[in-house]
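Below you'll find the structure, written out as structure tokens, and then a few comments.
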Amino acid sequence: MRPVMSKCSCRAATALFAALALSSVVASPMSAQASDSTPAAVARASLPAALRDRIDRLADSARAHALPADPLYEKAAEGVLKGATAERIVGAVARLSAELGQARTALGIDASATELLAGASAIHAGADPARLADLVQAARGRPRGTSLVLPLVVLADMLQRHVTPAVAVGSLTTLLRSGAGDAEFTSLRAAVESGIARGQTPDLATRAQTDAVARQLRDVRKPPAIEQRP
Amino acid sequence: MSRFGSTDDREGVLPPRVARAVELLREEPEVPVAWRDDLVRSATTLHSRRPWLSAAAAVLAAGVCAAVALGHDRGARSTDGTRGAFGETQRGTAVAALAATAPETAPVRFTVEAPNAAHVSLVGDFEGWNPAGVPMSLDADGHTWTVDVRLAPGRHAFVFSVDGGLRVDPRAPMAGDDDFGTPSSVIVVPQSGEH
């Protein structure tokens with residue numbers, strides 16, 4: 001029996017299916033912004049009209065540079081919630097847009113929107129964008145699909161707790177090279193926080209806890225000793 | 001020359017949801033860079049030329065580009081052998097992107113100690129910083145407020161609203177981008193299968 005569809009037809013059908021599938025999930029029949037119920041759309045709708053226009057322009061500019069725009073609306077809504085003036089909100093959103101661009105440069109074109117946002121947050125907290133690239137390099141050996149979001153969140157947290165940027169990045173780089181996963185980064189953050197609460201300086205707490213976590217990782221991976229029989 | 005238009009076309013600005021779809025497809029590491037660029041170019045070109053088609057046209061381009069890319073690269077991107085929308089035993093990039101566009105969510109429990117509070121809610125970027133927030137309920141112990149929500153994978157900033165005042169979660173990382181004088185906390189929800 002002859003096949004009903006040629007190879008070309010199959011491909012066309014496949015393409016059509018892909019388009020329809022994407023359209024049904026992604027596209028909205030009317031205005032994407034008006035009917036959207038994503039957090040960013042909710043955030044946008046909550047903005048006063050004059051402020052919304054200004055944020056729209058910043059968001060358009062971000063999209064034109066292939067940067068995620070949703071975080072900009074969410075930042076603006078956060079500012080409204082926290083009672084900031086329009087000028088302060090616009091300034092914060094513009095700064096976030098610039099930091100997303102710096103994060104893109106540092107983390108690379110393959111970085112996800114969430115990684116960019118986490119990277120921008122770390123940059124905002126004082127991380128040197130050039131040093132973020134060190135994290136990417138150090139993460140090369142991690143399992144495929146593992147994101148850098150948590151290490152970047154931990155970096156931002158450390159910087160907020162006054163860990164020196166070089167010490168914080170050095171700590172995370174060491175652990176990434178040691179094969180640390182998100183569980184280890186979560187433990188590190190909590191331990192650094194505890195160390196600081198106990199009176200250690202932020203840098204000392206970070207170095208001590210980094211060594212402890214790295215030691216644990218080595219111990220876990222050390223092959224069991226072979227018992228020597230006489 | 002792009003598969004769907006010349007590279008010197010004027011680039012438009014995509015509506016947010018289309019931009020997100022294109023971005024997700026673009027982020028897929030297994031689509032060669034040249035195809036990713038084609039995808040973005042074709043979507044933006046179509047949108048700039050046919051604004052009235054905006055979402056549908058841009059998404060059509062993205063879908064076609066993804067399908068062609070998959071058709072050209074059969075066998076190279078098989079991830080788990082699951083039968084997918086693109087036939088054979090492929091689980092395609094566009095399907096992964098679709099799944100990410102309508103993200104799965106994970107249950108997350110938030111708790112905060114506020115013994116004397118009358119009203120506590122959870123406010124965060126996951127619901128657009130809506131001031132009303134998600135109401136929390138007082139536990140039987142009389143001082144712990146709890147709420148269970150489902151969050152998409154990713155990084156989420158949040159605060160607790162305790163009788164109208166904003167409070168961070170002392171057990172969560174602090175957001176590094178406090179611009180408004182009131183800090184926020186951060187929670188990271190991993191992708192399923194990511195540890």
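Each chain in the structure tokens gets a letter, A, B, ..., in the order shown, and its residues are numbered from 1; ligands are numbered from 1 in order too.
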Requested in this report: Find the residues near B:Arg150: any atom within 9 Å, counting only C-alpha atoms, skip ones fewer than 6 places away on the same chain, and give them as a PyMOL selection string.
Outcome: chain B and resi 105-109
Keeping only N, CA and C atoms, write the selected residues as a PDB file, in the first residue's frame.
```pdb
ATOM      1  N   THR B 105       3.834  23.543  37.805  1.00  0.00           N
ATOM      2  CA  THR B 105       4.015  24.251  39.058  1.00  0.00           C
ATOM      3  C   THR B 105       4.342  23.242  40.146  1.00  0.00           C
ATOM      4  N   ALA B 106       4.917  23.750  41.187  1.00  0.00           N
ATOM      5  CA  ALA B 106       5.270  22.888  42.311  1.00  0.00           C
ATOM      6  C   ALA B 106       4.631  23.460  43.575  1.00  0.00           C
ATOM      7  N   PRO B 107       4.201  22.567  44.476  1.00  0.00           N
ATOM      8  CA  PRO B 107       3.622  23.074  45.723  1.00  0.00           C
ATOM      9  C   PRO B 107       4.710  23.644  46.635  1.00  0.00           C
ATOM     10  N   VAL B 108       4.413  24.797  47.188  1.00  0.00           N
ATOM     11  CA  VAL B 108       5.366  25.445  48.097  1.00  0.00           C
ATOM     12  C   VAL B 108       4.582  25.923  49.317  1.00  0.00           C
ATOM     13  N   ARG B 109       5.114  25.646  50.498  1.00  0.00           N
ATOM     14  CA  ARG B 109       4.454  26.113  51.730  1.00  0.00           C
ATOM     15  C   ARG B 109       5.251  27.289  52.304  1.00  0.00           C
TER      16      ARG B 109
END
```
Query raised in the report: Nearest to chain B among A:Thr201, A:Gln102, A:Ser61, A:Thr173, with distances taken over only C-alpha atoms: which residue is it?
Result: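 Once distances to chain B are computed over only C-alpha atoms, the minimum belongs to A:Ser61.
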Report task. Work out how far atom CA of B:Ser184 is from atom CA of A:Ala49, in Å to one decimal. Result ->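 Calculated distance between atom CA of A:Ala49 and atom CA of B:Ser184 is 25.4 Å.
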Report task. Using only C-alpha atoms, determine which residues lie at most 6 Å from stretch 122-133 of chain B, disregarding the query and same-chain residues fewer than 6 positions distant; provide the list as a VMD selection string. Result -> (chain A and resid 39 to 40 42 to 43 74 77 to 78) or (chain B and resid 157 to 160)
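Between atom CA of A:Val93 and atom CA of A:Lys75 the separation is 6.3 Å.
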Query raised in the report: With only C-alpha atoms as the basis for distance, which of B:Met174, B:Gly181, B:Ala118, B:Ile187 is at the shortest distance from chain A?
Result: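 For chain A, the nearest of the candidates is B:Met174.
The residue that comes closest to chain B, out of A:Thr114, A:Ser171, A:Ser97, A:Ser187 and on the basis of only C-alpha atoms, is A:Thr114.
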